[in-house]
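J.: File start15.txt follows (compact mmCIF, C-alpha atoms):
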```
# COMPACT_ATOMS: atom_id res chain seq x y z
CA MET A 3 -24.09 -87.35 10.79
CA LYS A 4 -25.55 -90.05 13.04
CA GLN A 5 -24.99 -93.67 13.95
CA ALA A 6 -27.45 -96.46 13.28
CA ALA A 7 -28.32 -99.13 15.83
CA ASN A 8 -25.57 -101.33 14.38
CA GLY A 9 -23.01 -98.55 14.94
CA ALA A 10 -22.66 -97.65 11.27
CA SER A 11 -22.35 -93.96 10.42
CA TYR A 12 -24.82 -92.28 8.09
CA ILE A 13 -25.69 -88.78 6.93
CA SER A 14 -29.25 -87.55 7.05
CA GLY A 15 -30.93 -84.30 6.12
CA GLU A 16 -34.09 -82.46 5.31
CA ILE A 17 -34.49 -80.48 2.12
CA VAL A 18 -37.10 -78.37 0.33
CA ILE A 19 -37.35 -79.17 -3.38
CA VAL A 20 -39.38 -77.29 -5.98
CA GLU A 21 -39.67 -77.41 -9.75
CA TRP A 22 -40.15 -74.12 -11.56
CA VAL A 23 -42.47 -74.67 -14.49
CA ASP A 24 -43.26 -71.65 -16.66
CA GLY A 25 -42.14 -69.37 -13.84
CA VAL A 26 -44.33 -71.07 -11.26
CA SER A 27 -42.96 -72.97 -8.20
CA THR A 28 -44.49 -76.44 -8.15
CA VAL A 29 -44.33 -79.59 -6.08
CA PRO A 30 -42.51 -82.30 -8.06
CA GLU A 31 -44.98 -84.82 -9.42
CA VAL A 32 -42.37 -87.60 -9.22
CA LEU A 33 -40.07 -88.25 -6.24
CA PRO A 34 -36.76 -86.46 -6.84
CA LYS A 35 -33.38 -88.24 -6.64
CA ILE A 36 -30.44 -87.41 -4.39
CA THR A 37 -27.13 -89.06 -5.23
CA LEU A 38 -23.75 -88.99 -3.46
CA LYS A 39 -21.17 -88.79 -6.26
CA SER A 40 -17.39 -88.85 -6.13
CA THR A 41 -15.79 -85.78 -7.66
CA ASP A 42 -13.71 -87.99 -9.98
CA GLY A 43 -16.94 -89.51 -11.36
CA THR A 44 -15.93 -93.10 -10.62
CA VAL A 45 -18.46 -94.00 -7.92
CA SER A 46 -21.95 -92.91 -6.89
CA TYR A 47 -24.44 -93.92 -4.18
CA GLU A 48 -28.17 -93.16 -4.46
CA SER A 49 -29.64 -91.88 -1.21
CA PHE A 50 -32.92 -92.85 0.40
CA ILE A 51 -35.49 -90.02 0.06
CA THR A 52 -39.09 -89.61 1.18
CA PRO A 53 -41.53 -86.66 1.38
CA THR A 54 -42.32 -85.28 4.82
CA GLY A 55 -44.58 -82.38 3.78
CA THR A 56 -45.26 -79.94 0.98
CA ASN A 57 -42.03 -79.71 -1.03
CA THR A 58 -40.12 -81.08 2.00
CA TYR A 59 -38.16 -84.31 1.94
CA TYR A 60 -36.08 -86.41 4.30
CA PHE A 61 -32.98 -88.20 2.94
CA ASP A 62 -30.13 -90.29 4.31
CA GLN A 63 -27.04 -92.16 3.14
CA TYR A 64 -24.75 -94.69 4.83
CA ILE A 65 -21.10 -93.60 4.61
CA GLU A 66 -19.50 -96.20 6.90
CA ASP A 67 -18.12 -98.38 4.13
CA ILE A 68 -17.78 -96.06 1.16
CA ASN A 69 -14.36 -95.22 -0.25
CA HIS A 70 -13.08 -92.63 2.23
CA SER A 71 -10.08 -91.70 0.12
CA LYS A 72 -12.39 -89.87 -2.33
CA GLU A 73 -14.28 -86.57 -2.13
CA TYR A 74 -18.02 -86.37 -2.83
CA ILE A 75 -20.83 -83.99 -3.77
CA TYR A 76 -24.57 -84.33 -3.24
CA GLU A 77 -26.47 -84.08 -6.52
CA LEU A 78 -30.22 -83.40 -6.72
CA GLU A 79 -32.14 -84.43 -9.86
CA SER A 80 -35.77 -84.32 -10.99
CA GLY A 81 -37.21 -87.81 -10.90
CA ASN A 82 -39.65 -87.13 -13.73
CA PRO A 83 -38.42 -88.59 -17.04
CA LYS A 84 -40.66 -86.07 -18.84
CA ASN A 85 -38.55 -83.23 -17.52
CA VAL A 86 -36.19 -82.21 -20.34
CA SER A 87 -34.87 -79.06 -18.71
CA GLU A 88 -31.14 -78.42 -18.90
CA ASN A 89 -31.42 -77.45 -15.24
CA LYS A 90 -33.14 -80.56 -13.97
CA LYS A 91 -29.95 -81.38 -12.01
CA MET A 92 -28.06 -79.34 -9.44
CA GLN A 93 -25.39 -79.69 -6.75
CA ILE A 94 -26.82 -79.28 -3.27
CA THR A 95 -25.37 -76.39 -1.30
CA ILE A 96 -24.23 -77.51 2.17
CA PRO A 97 -22.65 -75.25 4.81
CA ASN A 98 -19.10 -76.04 5.97
CA GLN A 99 -19.09 -78.18 9.09
CA ASP A 100 -17.32 -80.97 10.97
CA LEU A 101 -19.50 -84.07 11.02
CA GLY A 102 -17.49 -86.36 13.30
CA MET A 103 -15.47 -89.56 13.00
CA VAL A 104 -16.07 -92.43 10.59
CA LYS A 105 -13.71 -95.22 11.57
CA GLU A 106 -10.27 -93.53 11.58
CA TRP A 107 -11.41 -90.64 9.35
CA LYS A 108 -12.47 -87.13 10.29
CA THR A 109 -15.59 -86.31 8.26
CA LYS A 110 -16.43 -82.78 7.22
CA ILE A 111 -18.18 -80.60 4.65
CA GLU A 112 -15.89 -78.14 2.95
CA ASP A 113 -16.85 -76.05 -0.11
CA ASN A 114 -20.04 -78.13 -0.57
CA LYS A 115 -17.99 -81.32 -0.69
CA LEU A 116 -18.04 -84.27 1.68
CA ILE A 117 -14.43 -85.09 2.52
CA PHE A 118 -12.69 -87.57 4.78
CA ILE A 119 -9.41 -86.66 6.43
CA PRO A 120 -7.24 -89.31 8.07
CA ASP A 121 -7.30 -88.79 11.82
CA THR A 122 -3.54 -88.49 12.16
CA TYR A 123 -0.96 -86.26 13.76
CA ILE A 124 2.81 -85.82 13.72
CA GLY A 125 4.30 -86.68 17.09
CA ASN A 126 8.09 -86.86 17.33
CA ILE A 127 8.99 -89.21 20.17
CA ASN A 128 11.84 -88.61 22.59
CA SER A 129 13.01 -90.25 25.80
CA GLU A 130 15.41 -90.11 28.73
CA LEU A 131 16.42 -93.29 30.54
CA LYS A 132 16.37 -92.93 34.32
CA ARG A 133 17.28 -96.47 35.39
CA PHE A 134 18.40 -99.69 33.70
CA ASP A 135 19.59 -102.87 35.45
CA MET A 136 19.25 -106.65 35.61
CA LYS A 137 17.50 -108.56 38.39
CA GLN A 138 16.30 -112.06 39.20
CA ALA A 139 12.66 -113.05 39.56
CA ALA A 140 11.39 -115.30 42.35
CA ASN A 141 11.87 -118.31 40.05
CA GLY A 142 15.52 -117.36 39.51
CA ALA A 143 15.04 -116.17 35.93
CA SER A 144 16.99 -113.06 34.91
CA TYR A 145 15.16 -109.99 33.64
CA ILE A 146 15.98 -106.41 32.77
CA SER A 147 13.94 -103.55 34.19
CA GLY A 148 14.12 -99.81 33.87
CA GLU A 149 12.43 -96.46 34.23
CA ILE A 150 12.14 -94.05 31.33
CA VAL A 151 10.67 -90.61 30.58
CA ILE A 152 8.81 -90.50 27.23
CA VAL A 153 7.40 -87.44 25.48
CA GLU A 154 5.79 -86.74 22.10
CA TRP A 155 6.53 -83.40 20.51
CA VAL A 156 3.40 -82.22 18.66
CA ASP A 157 3.53 -78.87 16.88
CA GLY A 158 6.55 -77.93 18.98
CA VAL A 159 4.84 -78.76 22.28
CA SER A 160 5.99 -81.55 24.63
CA THR A 161 2.97 -83.77 25.31
CA VAL A 162 2.12 -86.89 27.28
CA PRO A 163 1.45 -89.78 24.85
CA GLU A 164 -2.30 -90.41 24.54
CA VAL A 165 -1.67 -94.11 23.89
CA LEU A 166 0.76 -96.32 25.84
CA PRO A 167 4.13 -96.38 24.03
CA LYS A 168 5.85 -99.63 23.04
CA ILE A 169 9.32 -100.83 24.02
CA THR A 170 10.73 -103.75 22.05
CA LEU A 171 13.94 -105.75 22.43
CA LYS A 172 15.12 -106.36 18.85
CA SER A 173 18.06 -108.36 17.55
CA THR A 174 20.44 -106.32 15.43
CA ASP A 175 20.06 -108.81 12.57
CA GLY A 176 16.29 -108.18 12.54
CA MET A 177 15.47 -111.86 13.05
CA VAL A 178 13.80 -111.79 16.49
CA SER A 179 12.03 -109.28 18.71
CA TYR A 180 10.47 -109.35 22.16
CA GLU A 181 7.90 -106.77 23.26
CA SER A 182 8.55 -105.54 26.79
CA PHE A 183 6.02 -104.98 29.53
CA ILE A 184 5.46 -101.24 30.09
CA THR A 185 3.21 -99.27 32.42
CA PRO A 186 2.96 -95.58 33.40
CA THR A 187 4.21 -94.60 36.85
CA GLY A 188 3.71 -90.85 36.63
CA THR A 189 3.55 -87.93 34.22
CA ASN A 190 5.55 -89.02 31.16
CA THR A 191 7.32 -91.66 33.29
CA TYR A 192 7.09 -95.40 32.62
CA TYR A 193 8.37 -98.64 34.13
CA PHE A 194 9.36 -101.47 31.77
CA ASP A 195 10.84 -104.97 32.07
CA GLN A 196 11.82 -107.90 29.87
CA TYR A 197 12.82 -111.50 30.67
CA ILE A 198 16.18 -112.37 29.06
CA GLU A 199 16.75 -115.79 30.64
CA ASP A 200 15.73 -117.83 27.60
CA ILE A 201 16.26 -115.50 24.66
CA ASP A 202 18.88 -116.30 22.02
CA HIS A 203 22.09 -115.23 23.75
CA SER A 204 24.18 -115.64 20.61
CA LYS A 205 22.58 -112.48 19.18
CA GLU A 206 22.99 -108.79 19.99
CA TYR A 207 20.00 -106.57 20.78
CA ILE A 208 18.81 -102.97 20.89
CA TYR A 209 15.90 -101.46 22.80
CA GLU A 210 13.48 -99.66 20.47
CA LEU A 211 10.89 -97.15 21.66
CA GLU A 212 7.83 -96.47 19.50
CA SER A 213 4.70 -94.36 19.78
CA GLY A 214 1.75 -96.65 20.47
CA ASN A 215 -0.73 -94.36 18.72
CA PRO A 216 -1.70 -95.57 15.22
CA LYS A 217 -2.67 -91.97 14.39
CA ASN A 218 0.93 -90.85 14.75
CA VAL A 219 2.37 -90.64 11.23
CA SER A 220 5.62 -88.93 12.17
CA GLU A 221 8.82 -90.21 10.58
CA ASN A 222 10.31 -89.86 14.06
CA LYS A 223 7.75 -91.91 15.97
CA LYS A 224 10.44 -94.54 16.66
CA MET A 225 13.85 -94.27 18.29
CA GLN A 226 16.58 -96.45 19.75
CA ILE A 227 16.86 -96.01 23.50
CA THR A 228 20.20 -94.63 24.68
CA ILE A 229 21.63 -96.83 27.46
CA PRO A 230 24.93 -96.20 29.30
CA ASN A 231 27.66 -98.84 29.02
CA GLN A 232 27.56 -101.26 31.96
CA ASP A 233 28.10 -104.85 33.07
CA LEU A 234 24.76 -106.38 34.02
CA GLY A 235 25.84 -109.75 35.44
CA MET A 236 25.59 -113.42 34.53
CA VAL A 237 22.72 -115.08 32.66
CA LYS A 238 23.36 -118.82 32.75
CA GLU A 239 26.92 -119.16 31.38
CA TRP A 240 26.73 -115.79 29.60
CA LYS A 241 28.04 -112.44 30.79
CA ALA A 242 25.44 -109.76 29.97
CA LYS A 243 26.49 -106.18 29.32
CA ILE A 244 25.55 -102.96 27.52
CA GLU A 245 28.08 -101.67 25.03
CA ASN A 246 27.37 -98.80 22.61
CA ASN A 247 23.63 -99.01 23.41
CA ILE A 248 23.63 -102.71 22.47
CA LEU A 249 22.76 -105.60 24.80
CA LYS A 250 25.44 -108.27 24.37
CA PHE A 251 26.10 -111.70 25.86
CA GLU A 252 29.64 -113.11 26.15
CA VAL A 253 30.10 -116.82 26.80
CA MET A 254 32.41 -117.54 29.73
CA PRO A 255 35.02 -120.39 29.81
CA LYS A 256 33.87 -123.51 31.65
CA ILE A 257 34.88 -127.12 32.41
CA GLU A 258 32.38 -129.59 31.07
CA ASN A 259 32.28 -133.24 32.25
CA VAL A 260 31.14 -135.34 29.30
CA SER A 261 30.76 -138.63 31.23
CA GLU A 262 32.52 -140.74 33.84
CA ASP A 263 33.61 -143.50 31.44
CA LYS A 264 34.53 -141.29 28.49
CA GLU A 265 37.31 -138.85 27.83
CA GLN A 266 36.87 -135.68 29.84
CA ILE A 267 37.55 -132.45 28.00
CA GLN A 268 38.73 -129.28 29.67
CA THR A 269 37.62 -126.21 27.71
CA LEU A 270 40.30 -123.55 27.75
CA PRO A 271 40.23 -119.95 26.52
CA GLU A 272 40.67 -119.44 22.80
CA VAL A 273 44.12 -118.56 21.47
CA ASN A 274 44.11 -116.73 18.14
CA GLY A 275 40.55 -117.87 17.55
CA VAL A 276 41.40 -121.59 18.16
CA GLN A 277 40.16 -123.36 21.23
CA ASN A 278 42.71 -125.65 22.98
CA GLU A 279 41.38 -128.93 24.29
CA THR A 280 43.43 -131.05 26.75
CA SER A 281 42.48 -134.60 27.63
CA ILE A 282 42.76 -135.24 31.35
CA GLU A 283 43.28 -138.95 30.64
CA VAL A 284 46.07 -138.12 28.21
CA GLU A 285 47.67 -135.97 30.89
CA ASN A 286 47.37 -138.85 33.37
CA GLN A 287 48.94 -141.24 30.84
CA GLU A 288 51.82 -138.83 30.37
CA LYS A 289 52.27 -138.68 34.13
CA ILE A 290 52.37 -142.51 34.30
CA GLU A 291 54.90 -142.67 31.49
CA ASN A 292 57.02 -140.00 33.17
CA SER A 293 56.79 -141.97 36.43
CA ASN A 294 57.93 -145.17 34.66
CA ASP A 295 60.81 -143.28 33.11
CA SER A 296 61.82 -142.07 36.56
CA LYS A 297 61.70 -145.62 37.95
CA ASN A 298 63.83 -146.91 35.09
CA ASN A 299 66.34 -144.15 35.70
CA ILE A 300 66.56 -145.11 39.40
CA ILE A 301 67.13 -148.81 38.54
CA GLU A 302 69.87 -147.90 36.07
CA ALA A 303 71.48 -145.68 38.68
CA ASP A 304 71.38 -148.53 41.24
CA LYS A 305 72.99 -150.92 38.76
CA LYS A 306 75.69 -148.40 37.97
CA GLU A 307 76.39 -147.89 41.67
CA GLU A 308 76.65 -151.67 42.26
CA HIS A 309 79.08 -151.99 39.36
CA GLU A 310 81.17 -149.15 40.71
CA ASN A 311 81.19 -150.77 44.18
CA GLU A 312 82.29 -154.13 42.73
CA THR A 313 85.09 -152.46 40.79
CA GLU A 314 86.30 -150.65 43.90
CA GLU A 315 86.37 -153.91 45.93
CA ASN A 316 88.30 -155.69 43.17
CA LYS A 317 90.87 -152.91 43.17
CA LYS A 318 91.27 -153.20 46.95
CA GLU A 319 91.67 -156.98 46.73
CA GLN A 320 94.33 -156.66 44.01
CA ILE A 321 96.25 -154.14 46.10
CA GLU A 322 96.13 -156.44 49.14
CA ASN A 323 97.27 -159.42 47.08
CA THR A 324 100.16 -157.41 45.65
CA GLU A 325 101.19 -156.23 49.10
CA ASN A 326 101.05 -159.77 50.49
CA SER A 327 103.13 -161.06 47.58
CA ARG A 328 105.73 -158.34 48.16
CA LYS A 329 105.91 -159.16 51.86
CA ASP A 330 106.30 -162.88 51.12
CA THR A 331 109.14 -162.21 48.69
CA GLN A 332 110.90 -160.01 51.22
CA ASN A 333 110.65 -162.69 53.88
CA ARG A 334 112.18 -165.26 51.57
CA ILE A 335 115.14 -162.98 50.75
CA GLU A 336 115.87 -162.43 54.42
CA GLU A 337 115.70 -166.17 55.11
CA VAL A 338 118.22 -166.90 52.31
CA LYS A 339 120.62 -164.32 53.73
CA LYS A 340 120.49 -165.98 57.14
CA ASN A 341 121.32 -169.37 55.72
CA GLU A 342 124.37 -168.02 53.88
CA LYS A 343 125.82 -166.73 57.07
```
Please express what this file holds, its structure, as structure tokens.
T.:
Amino acid sequence: MKQAANGASYISGEIVIVEWVDGVSTVPEVLPKITLKSTDGTVSYESFITPTGTNTYYFDQYIEDINHSKEYIYELESGNPKNVSENKKMQITIPNQDLGMVKEWKTKIEDNKLIFIPDTYIGNINSELKRFDMKQAANGASYISGEIVIVEWVDGVSTVPEVLPKITLKSTDGMVSYESFITPTGTNTYYFDQYIEDIDHSKEYIYELESGNPKNVSENKKMQITIPNQDLGMVKEWKAKIENNILKFEVMPKIENVSEDKEQIQTLPEVNGVQNETSIEVENQEKIENSNDSKNNIIEADKKEEHENETEENKKEQIENTENSRKDTQNRIEEVKKNEK
């Protein structure tokens, strides 16, 4: 198998062809035919053929864009329509051999058949997280970074991935995903990071590791990364943390000023799932009303005290008047007694 100038793969060969006529080996009078035929009989491709010497012929056939899911044989046939022999056709015998790659297919001859085998392997991926934390970039944006060991188990052997693996931050509802930056730092060891400043913080996320090799057809070429529970810090007004291998964001209580000339709302923690809202202006109004009530109570108390004072003075005046009247009566009695004497 070779490649043309345009990069397309083709098979070429050289073959000796004879026709036995009445027991005598002869050179075919008409150019023979070589055809590439699928074993299921559904497709066939006629090859180019040309003589290069006595009974010797060169032939070739492009195989870049044929159906690689099928198996093929090479069939040789006399090109002379006058030939009525039952043996004017035959399958060409070709030794077993590996021919090379055609696109993503391994090409080989096996039992005189041209076959294409998908260039795949089974690599079960596994990992061990070495570090996982949250940091801030120079622009203040929060990002997660980590270090992880990644291996692919192929035929029971731990191997270094041939192609860079992928790490993806995926929402648990399957709606959004963010592919992380990843780069090797040593044998089987990789650094990765992911900005989380402006992702949807109302969702929960997992980190998924996947083999980056399209040839890997293992059912276990993906896995969820195991991450220890931890508090990561604040992202805007959200508290970021890892819980049960899931990245979560919890909104924190805050006081929000709506405007200077409108009602200001103080956001309080939820109670039984219901958020309490208290108007600062309403509180101020209540304070004013309470203050007015206090003033009214003081005025009433003052009035009561004045009334009590007036009553007390009246009592004193009545007592004095009574005492003066008694003294006056006594004086008159004594004066009458003197006159009688």
J.: Tell me which protein, DNA and RNA residues are within 9 Å of Asn222 in chain A, counting only C-alpha atoms, leaving out same-chain ones fewer than 2 positions away, and put them as a list in words.
T.: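 Neighbouring residues, sequence-local ones excluded: Ile124, Gly125, Asn126, Ile127, Asn128, Glu212, Val219, Ser220, Lys224 and Met225 of chain A.
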J.: One decimal, in Å: what's the spacing between CA of Trp240 in chain A and CA of Ile201 in chain A?
T.: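 So the answer is 11.6 Å.
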J.: Just checking: using all atoms listed in the file, which residue out of A:Glu31, A:Glu154, A:Asp100, A:Glu73 ends up closest to Asn85 in chain A?
T.: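 Closest to Asn85 in chain A, using all atoms listed in the file: A:Glu31.
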J.: Near Thr56 in chain A, counting all atoms listed in the file, which residues have an atom at most 9 Å away, once you skip same-chain residues fewer than 2 positions from it, shown as a list of chain:residue names?
T.: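 Answer for this query is A:Val18, A:Val29, A:Pro53, A:Thr54, A:Thr58, A:Tyr59.
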J.: One decimal, Å: what's the distance from CA of Lys132 in chain A over to CA of Val159 in chain A, could you say?
T.: 21.9 Å
J.: For CA of Asp121 in chain A and CA of Pro97 in chain A, quote the distance in Å rounded to one decimal.
T.: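 Separation between CA of Asp121 in chain A and CA of Pro97 in chain A: 21.6 Å.
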J.: Return the single residue from A:Pro230, A:Gly81, A:Tyr60, A:Glu88 that is closest to Glu130 in chain A, with distances computed using all atoms listed in the file.
T.: A:Pro230
J.: Please list as number ranges by chain every residue within 10 Å of Glu252 in chain A, counting all atoms listed in the file and excluding residues in the same chain fewer than 3 positions away.
T.: A: 203-205, 236-237, 239-243, 255
J.: Compute the distance from (16.1, -106.3, 33.6) to each atom, counting all atoms listed in the file, keep the residues with any atom at most 6 Å away, and return them as a VMD selection string; use the coordinates of the file.
T.: chain A and resid 135 to 137 145 to 147 195 to 196
J.: Please determine, counting only C-alpha atoms, which residue among A:Val26, A:Glu206, A:Ser87, A:Asn69 has the shortest atom-to-atom distance to Tyr47 in chain A.
T.: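 Using only C-alpha atoms, Tyr47 in chain A sits closest to A:Asn69.
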J.: Given the point (-27.3, -75.8, -1.0) in the file's coordinates, find the residues that have an atom at most 12 Å from it, counting all atoms listed in the file, and give them as a CSV table (one decimal) with C-alpha atoms, in the frame of the given file.
T.:
```csv
chain,number,residue,atom,x,y,z
A,15,GLY,CA,-30.9,-84.3,6.1
A,16,GLU,CA,-34.1,-82.5,5.3
A,17,ILE,CA,-34.5,-80.5,2.1
A,18,VAL,CA,-37.1,-78.4,0.3
A,19,ILE,CA,-37.4,-79.2,-3.4
A,75,ILE,CA,-20.8,-84.0,-3.8
A,76,TYR,CA,-24.6,-84.3,-3.2
A,77,GLU,CA,-26.5,-84.1,-6.5
A,78,LEU,CA,-30.2,-83.4,-6.7
A,92,MET,CA,-28.1,-79.3,-9.4
A,93,GLN,CA,-25.4,-79.7,-6.8
A,94,ILE,CA,-26.8,-79.3,-3.3
A,95,THR,CA,-25.4,-76.4,-1.3
A,96,ILE,CA,-24.2,-77.5,2.2
A,97,PRO,CA,-22.6,-75.2,4.8
A,98,ASN,CA,-19.1,-76.0,6.0
A,111,ILE,CA,-18.2,-80.6,4.6
A,113,ASP,CA,-16.8,-76.0,-0.1
A,114,ASN,CA,-20.0,-78.1,-0.6
A,115,LYS,CA,-18.0,-81.3,-0.7
```
J.: Considering all atoms listed in the file, state which residue in the set A:Leu116, A:Ile184, A:Ile244, A:Ile150 is at the smallest distance from His70 in chain A.
T.: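 When distances to His70 in chain A are compared using all atoms listed in the file, the smallest one comes from A:Leu116.
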J.: Report as a list in words all protein, DNA and RNA residues lying within 12 Å of Gly176 in chain A, evaluated on all atoms listed in the file, omitting residues in the same chain fewer than 3 positions from it.
T.: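 In the requested format, the answer is Thr170, Leu171, Lys172, Ser173, Ser179, Tyr180, Lys205, Glu206, Tyr207, Ile208 and Glu210 of chain A.
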J.: For Val23 in chain A, which residue among A:Ser129, A:Asn89, A:Asn218, A:Ser144 is the nearest when counting all atoms listed in the file?
T.: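 The shortest atom-to-atom distance to Val23 in chain A comes from A:Asn89.
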J.: Looking at A:Val86, A:Val20, A:Gly9, A:Lys217, which one is nearest to Glu106 in chain A, with distances taken over all atoms listed in the file?
T.: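 Using all atoms listed in the file, the shortest distance to Glu106 in chain A belongs to A:Lys217.
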J.: Using only C-alpha atoms, which residues sit within 7 Å of Ser49 in chain A once same-chain residues fewer than 4 positions away are excluded, as a list in words?
T.: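 The filter keeps Ile36, Thr37, Leu38, Phe61, Asp62 and Gln63 of chain A.
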